[in-house]
Amino acid sequence: MPSNHLILCCPFLLLPSITFNVSQHQSFSMSQLLASHFHPDICATCHEHATCSKIGGMSVCMCKYGFVGNGRTHCIDKDECQFGTTVVCGNHTSCHNTPGGFYCICLEGYRATNNNKTFIPNDGTFCTDIDECEVSSRCRHGGRCVNTHGSYECYCMDGYLPKGGPEPFHPTRDATSCTEIDCGTPPEIPGGYIIGNYTSRLGSQIHYACKEGFFSDSEDTVSSCTAVGMWESPKLICQEIIIEINEVSVFNNTCVRWQINPGRINSKIEYVIYIKGQRLDPLESGHEETVNLTTESRTPEVCLDLYQGTNYTVNISTAPPRRSVPAVIELQTAGDDLLEDDGIFNISIFNEVCLKLNRHSRKVGSEQVYQFKVLGRRQYLNNFYHATSFNFTTREQTAVVCLDLYPATDYTVNVTLLGSPERPSVQTAVTTAPAGRWGCLSVHIWGQRWYQKGFAQEMVFNITASSQTPETCLDLSPGTNYSVSIQALSSELPVVISLTTQITEPPLPEVDFFTVHGGPLPRLQLKKATEKNGPISSYQVLVLPLALQSTFACDSEEAASFFSKASEASGYVTAELLAKDIPDDAMEISIGDRLYYGKYYNAPLKTGHDYCIILRITSEWDEMNTACKNHKHVSLVTVLLFEVLFLPQYLAVYPSLVTLAYYLLLNAL
């Protein structure tokens, strides 16, 4: 009998239920075998999750993969995930059971090595970490991405600080942003200043130095912008140099000499010598005068023009900004009785109305009184004569005496020395020119500027006029205090008037206009202006919203910085350059280069905003005058929009500037 048939010896005996295991996941019972023997169509009785298989020549119902049961009455799903996710799917996974099977998914932050979303690990697939930092800008501007197992963390890069949230941070969870470190305006040092330009970003350094008149023993002159957004506290301490004036002495009767401590001063020092004298004769006027002396000598000396017979107090000090302890010395000049005069003199013609008196004194400085008697006649008028007399006092060795004479007249001038027993006299003849020129005036002009110590202007000249109201025009400098002394050469005392010239509007800055489409902002080339209308104090670069270009007042003294609250709406000063720092040829700066120029921060311009760049010259004296020129018209929009909207407007508003230079169309995309 074939081996695949079973013989049942007791066909009617009730057999117990015997189950045969065919494989690890499938089984069949004795009843299935009997049914298979007596019912050839056993496959029709299999469970929906079972398959019919031939075993030993018999048909058997077997549960499908993933199910367990007898194959006919029940096939129950087998939960593969019950053995544990890590055991079934591996690390960093989640296991998902399905009817008759299962699948694995990698956890967030991981991916399957077969690059599918789901997998079954029987092909060697496993979950590996995803490097989220491969995506640029994952951590926003200024952020630095650090990959971790299954995730990533964000930190701020060097030069940035976290604001608004924790660090490390996750951009989908935290509101942290990284802002660039800006230490702002550096701390000031009393008596010191910052050398050159600087930025306020992390690691930037500024170098300090002491102002003139100050010194420091410290060699640490640097302060750095730190990672906490603050400047290091400067270690430089500037101490004021107080000059000591010692050992003041008098020599040659009217000269003064003194000594100073060498100290730490290597440059020239300006001294102010104030003299005040009281004549020995109480009826005579005193003498008060201020003399300036600039020298680098450690033993300065000066000879003073002092009156004879006078008690003087001389006060010596340094001119600001230097400080000193004033030194005072008293002296007495010799009187007239100690000087000898031989009384010899002569008279010469200086010009047609002026005489020159030449004395032969043995010692200069003796004061003598001369009597002038003038008698004039005209040959063609028998009854005409002009007589006058006056006394003339002088201590000069050569003095000029101008006479008030009529024209076309022959004069005899007799000069007698008074106070001398011999009463010597000299006579000379003078003939005046015909008609019209009768007045000779001596004009002495002296100009100074209190704000510019080194400036001085002096003019001395004579004018002759026939008018009863003579006038003359003077070539004076602006912004200057003048003393004008006018003296008729025939009079003893001058008329002195004071006047002050005003600082006129400074010249327009010289700038180059050109067109730029896209790309970086161009460099601004600044040419030094000529100080023909007065001293120039500084050059300022202003950034205004375009809407304010027609309402901006150039002479406005308000100069807001970029960090002020009103800068967005009303504009701001982005750079200030002192006139003394501008080279003679030209210098260049870039708008928005993040540097400090003076006390103003040159901030970058914002994309999408329209700007008007103005260069302004300022002249400061009791009041400030300014001159402006539109240097750039900046529009941070597309080129097409800029040209259509703004170029025709400019041509309508500023037609005069078109002939001067190209208008700057700047577009930053």
# chains A, B, ... in the order shown; residues from 1 in each chain; ligands from 1
>>> residues_around(residues="Phe215 in chain A", least_positions_apart="6", cutoff="7 Å", atoms="only C-alpha atoms", output="list in words")
Cys238, Gln239, Glu240 and Ile241 of chain A
>>> residues_around(residues="Ala175 in chain A", least_positions_apart="6", cutoff="10 Å", atoms="only C-alpha atoms", output="JSON, numbers by chain")
{"A": [162, 163, 164, 165, 166, 169]}
>>> residues_around(residues="range 268-271 of chain A", least_positions_apart="3", cutoff="12 Å", atoms="only C-alpha atoms", output="PyMOL selection string")
chain A and resi 212-213+243+245+258+260+262+264-265+274+290-302+315-327+453-454
>>> write_last_selection(atoms="N, CA, C and O atoms", output="compact mmCIF listing (two decimals), in the first residue's frame")
# COMPACT_ATOMS: atom_id res chain seq x y z
N GLU A 212 46.33 116.66 23.92
CA GLU A 212 47.43 117.56 24.20
C GLU A 212 47.19 118.22 25.56
O GLU A 212 46.11 118.69 25.87
N GLY A 213 48.22 118.23 26.38
CA GLY A 213 48.09 118.77 27.73
C GLY A 213 47.80 117.70 28.77
O GLY A 213 47.62 118.02 29.95
N ILE A 243 51.63 123.02 34.01
CA ILE A 243 52.97 123.56 33.79
C ILE A 243 53.34 124.48 34.95
O ILE A 243 52.56 125.35 35.35
N ILE A 245 55.66 127.43 36.25
CA ILE A 245 56.48 128.55 35.79
C ILE A 245 57.30 129.03 36.98
O ILE A 245 56.74 129.50 37.99
N TRP A 258 61.85 133.35 32.28
CA TRP A 258 61.38 132.40 33.27
C TRP A 258 61.75 130.98 32.84
O TRP A 258 62.23 130.76 31.70
N ILE A 260 60.43 126.66 32.96
CA ILE A 260 59.32 125.73 33.19
C ILE A 260 59.90 124.35 33.46
O ILE A 260 61.03 124.04 33.07
N PRO A 262 60.43 120.58 32.71
CA PRO A 262 60.39 119.88 31.42
C PRO A 262 59.15 119.01 31.25
O PRO A 262 58.54 119.00 30.20
N ARG A 264 56.33 116.49 30.53
CA ARG A 264 56.12 115.57 29.42
C ARG A 264 55.71 116.31 28.16
O ARG A 264 55.09 115.73 27.27
N ILE A 265 56.01 117.59 28.07
CA ILE A 265 55.59 118.40 26.94
C ILE A 265 56.75 118.51 25.96
O ILE A 265 57.85 118.91 26.32
N TYR A 274 50.32 139.19 30.71
CA TYR A 274 49.45 140.33 30.98
C TYR A 274 50.23 141.35 31.82
O TYR A 274 50.73 141.04 32.90
N THR A 290 48.15 142.99 26.82
CA THR A 290 48.33 141.53 26.83
C THR A 290 49.20 141.14 25.65
O THR A 290 48.93 141.54 24.51
N VAL A 291 50.22 140.36 25.92
CA VAL A 291 51.16 139.93 24.89
C VAL A 291 51.14 138.40 24.84
O VAL A 291 51.17 137.74 25.89
N ASN A 292 51.09 137.84 23.63
CA ASN A 292 51.14 136.39 23.44
C ASN A 292 52.52 135.98 22.94
O ASN A 292 53.12 136.68 22.10
N LEU A 293 53.02 134.86 23.45
CA LEU A 293 54.33 134.35 23.04
C LEU A 293 54.22 132.84 22.88
O LEU A 293 53.74 132.15 23.77
N THR A 294 54.65 132.32 21.71
CA THR A 294 54.65 130.88 21.46
C THR A 294 56.09 130.43 21.24
O THR A 294 56.80 130.97 20.38
N THR A 295 56.53 129.47 22.04
CA THR A 295 57.91 129.00 21.96
C THR A 295 57.99 127.59 22.51
O THR A 295 57.13 127.16 23.29
N GLU A 296 59.00 126.84 22.09
CA GLU A 296 59.25 125.51 22.63
C GLU A 296 60.44 125.52 23.60
O GLU A 296 60.87 124.47 24.08
N SER A 297 60.97 126.72 23.90
CA SER A 297 62.10 126.84 24.81
C SER A 297 61.68 126.52 26.23
O SER A 297 60.55 126.82 26.65
N ARG A 298 62.59 125.91 26.99
CA ARG A 298 62.33 125.65 28.40
C ARG A 298 62.67 126.85 29.27
O ARG A 298 62.35 126.89 30.45
N THR A 299 63.34 127.87 28.66
CA THR A 299 63.63 129.12 29.37
C THR A 299 63.16 130.27 28.48
O THR A 299 63.97 130.98 27.88
N PRO A 300 61.85 130.47 28.37
CA PRO A 300 61.35 131.52 27.48
C PRO A 300 61.73 132.90 28.01
O PRO A 300 61.95 133.12 29.21
N GLU A 301 61.77 133.85 27.08
CA GLU A 301 62.01 135.24 27.45
C GLU A 301 61.31 136.14 26.45
O GLU A 301 61.11 135.77 25.29
N VAL A 302 60.94 137.33 26.90
CA VAL A 302 60.25 138.29 26.06
C VAL A 302 60.62 139.69 26.53
O VAL A 302 60.76 139.94 27.73
N ASN A 315 51.99 139.33 34.79
CA ASN A 315 51.39 138.02 35.09
C ASN A 315 51.64 137.10 33.89
O ASN A 315 51.25 137.41 32.77
N ILE A 316 52.27 135.94 34.13
CA ILE A 316 52.62 135.00 33.06
C ILE A 316 51.86 133.70 33.30
O ILE A 316 51.92 133.12 34.39
N SER A 317 51.15 133.22 32.26
CA SER A 317 50.41 131.96 32.33
C SER A 317 50.38 131.34 30.94
O SER A 317 50.75 131.97 29.95
N THR A 318 49.95 130.07 30.87
CA THR A 318 49.83 129.40 29.58
C THR A 318 48.43 129.63 29.02
O THR A 318 47.45 129.78 29.76
N ALA A 319 48.35 129.66 27.68
CA ALA A 319 47.06 129.83 27.02
C ALA A 319 46.31 128.51 27.00
O ALA A 319 46.93 127.43 26.95
N PRO A 320 44.97 128.55 27.08
CA PRO A 320 44.17 127.31 26.99
C PRO A 320 44.49 126.59 25.67
O PRO A 320 44.84 127.23 24.69
N PRO A 321 44.38 125.22 25.65
CA PRO A 321 43.79 124.39 26.71
C PRO A 321 44.77 123.99 27.80
O PRO A 321 44.41 123.27 28.72
N ARG A 322 46.03 124.40 27.69
CA ARG A 322 47.00 124.05 28.74
C ARG A 322 46.69 124.84 30.01
O ARG A 322 46.11 125.92 29.96
N ARG A 323 47.14 124.25 31.11
CA ARG A 323 46.94 124.91 32.40
C ARG A 323 48.28 125.10 33.08
O ARG A 323 49.21 124.31 32.91
N SER A 324 48.35 126.15 33.86
CA SER A 324 49.58 126.42 34.61
C SER A 324 49.22 127.20 35.86
O SER A 324 48.11 127.74 35.99
N VAL A 325 50.15 127.23 36.78
CA VAL A 325 50.03 128.10 37.94
C VAL A 325 50.64 129.44 37.55
O VAL A 325 51.84 129.51 37.25
N PRO A 326 49.84 130.51 37.47
CA PRO A 326 50.39 131.79 37.00
C PRO A 326 51.56 132.25 37.88
O PRO A 326 51.58 132.05 39.10
N ALA A 327 52.53 132.87 37.21
CA ALA A 327 53.66 133.47 37.92
C ALA A 327 53.55 134.99 37.80
O ALA A 327 53.21 135.52 36.74
N LYS A 453 43.20 130.43 17.37
CA LYS A 453 44.27 131.20 18.00
C LYS A 453 45.39 131.57 17.03
O LYS A 453 46.01 132.61 17.14
N GLY A 454 45.63 130.72 16.04
CA GLY A 454 46.75 130.99 15.15
C GLY A 454 46.44 132.01 14.06
O GLY A 454 47.33 132.36 13.27
>>> residues_around(residues="Thr394 in chain A", least_positions_apart="3", cutoff="7 Å", atoms="only C-alpha atoms", output="ChimeraX atom specification")
/A:367-369
>>> write_last_selection(atoms="all heavy atoms", output="compact mmCIF listing (two decimals), in the first residue's frame")
# COMPACT_ATOMS: atom_id res chain seq x y z
N GLU A 367 60.99 161.31 26.93
CA GLU A 367 59.81 161.98 26.39
C GLU A 367 60.07 163.48 26.31
O GLU A 367 60.52 164.10 27.27
CB GLU A 367 58.61 161.68 27.29
CG GLU A 367 57.28 162.18 26.73
CD GLU A 367 56.13 161.72 27.59
OE1 GLU A 367 55.87 162.38 28.61
OE2 GLU A 367 55.53 160.70 27.26
N GLN A 368 59.81 164.06 25.11
CA GLN A 368 60.03 165.49 24.90
C GLN A 368 58.80 166.10 24.28
O GLN A 368 58.00 165.42 23.61
CB GLN A 368 61.25 165.72 24.00
CG GLN A 368 62.57 165.25 24.57
CD GLN A 368 63.07 166.12 25.73
OE1 GLN A 368 62.34 166.97 26.25
NE2 GLN A 368 64.31 165.91 26.14
N VAL A 369 58.66 167.42 24.48
CA VAL A 369 57.52 168.16 23.95
C VAL A 369 58.05 169.17 22.94
O VAL A 369 58.97 169.95 23.24
CB VAL A 369 56.75 168.88 25.07
CG1 VAL A 369 55.56 169.65 24.48
CG2 VAL A 369 56.27 167.88 26.12
>>> select_by_dssp(residues="range 240-316 of chain A", states="strand (DSSP E or B)", output="VMD selection string")
chain A and resid 240 242 to 251 255 to 260 269 to 279 287 to 295 301 to 303 310 to 316
>>> residues_around(residues="range 63-68 of chain A", least_positions_apart="3", cutoff="9 Å", atoms="only C-alpha atoms", output="VMD selection string")
chain A and resid 25 to 27 46 to 52 71 to 72 74 to 80 98 to 102
>>> atom_distance(atom1="CA of Ile105 in chain A", atom2="CA of Pro168 in chain A")
28.4 Å
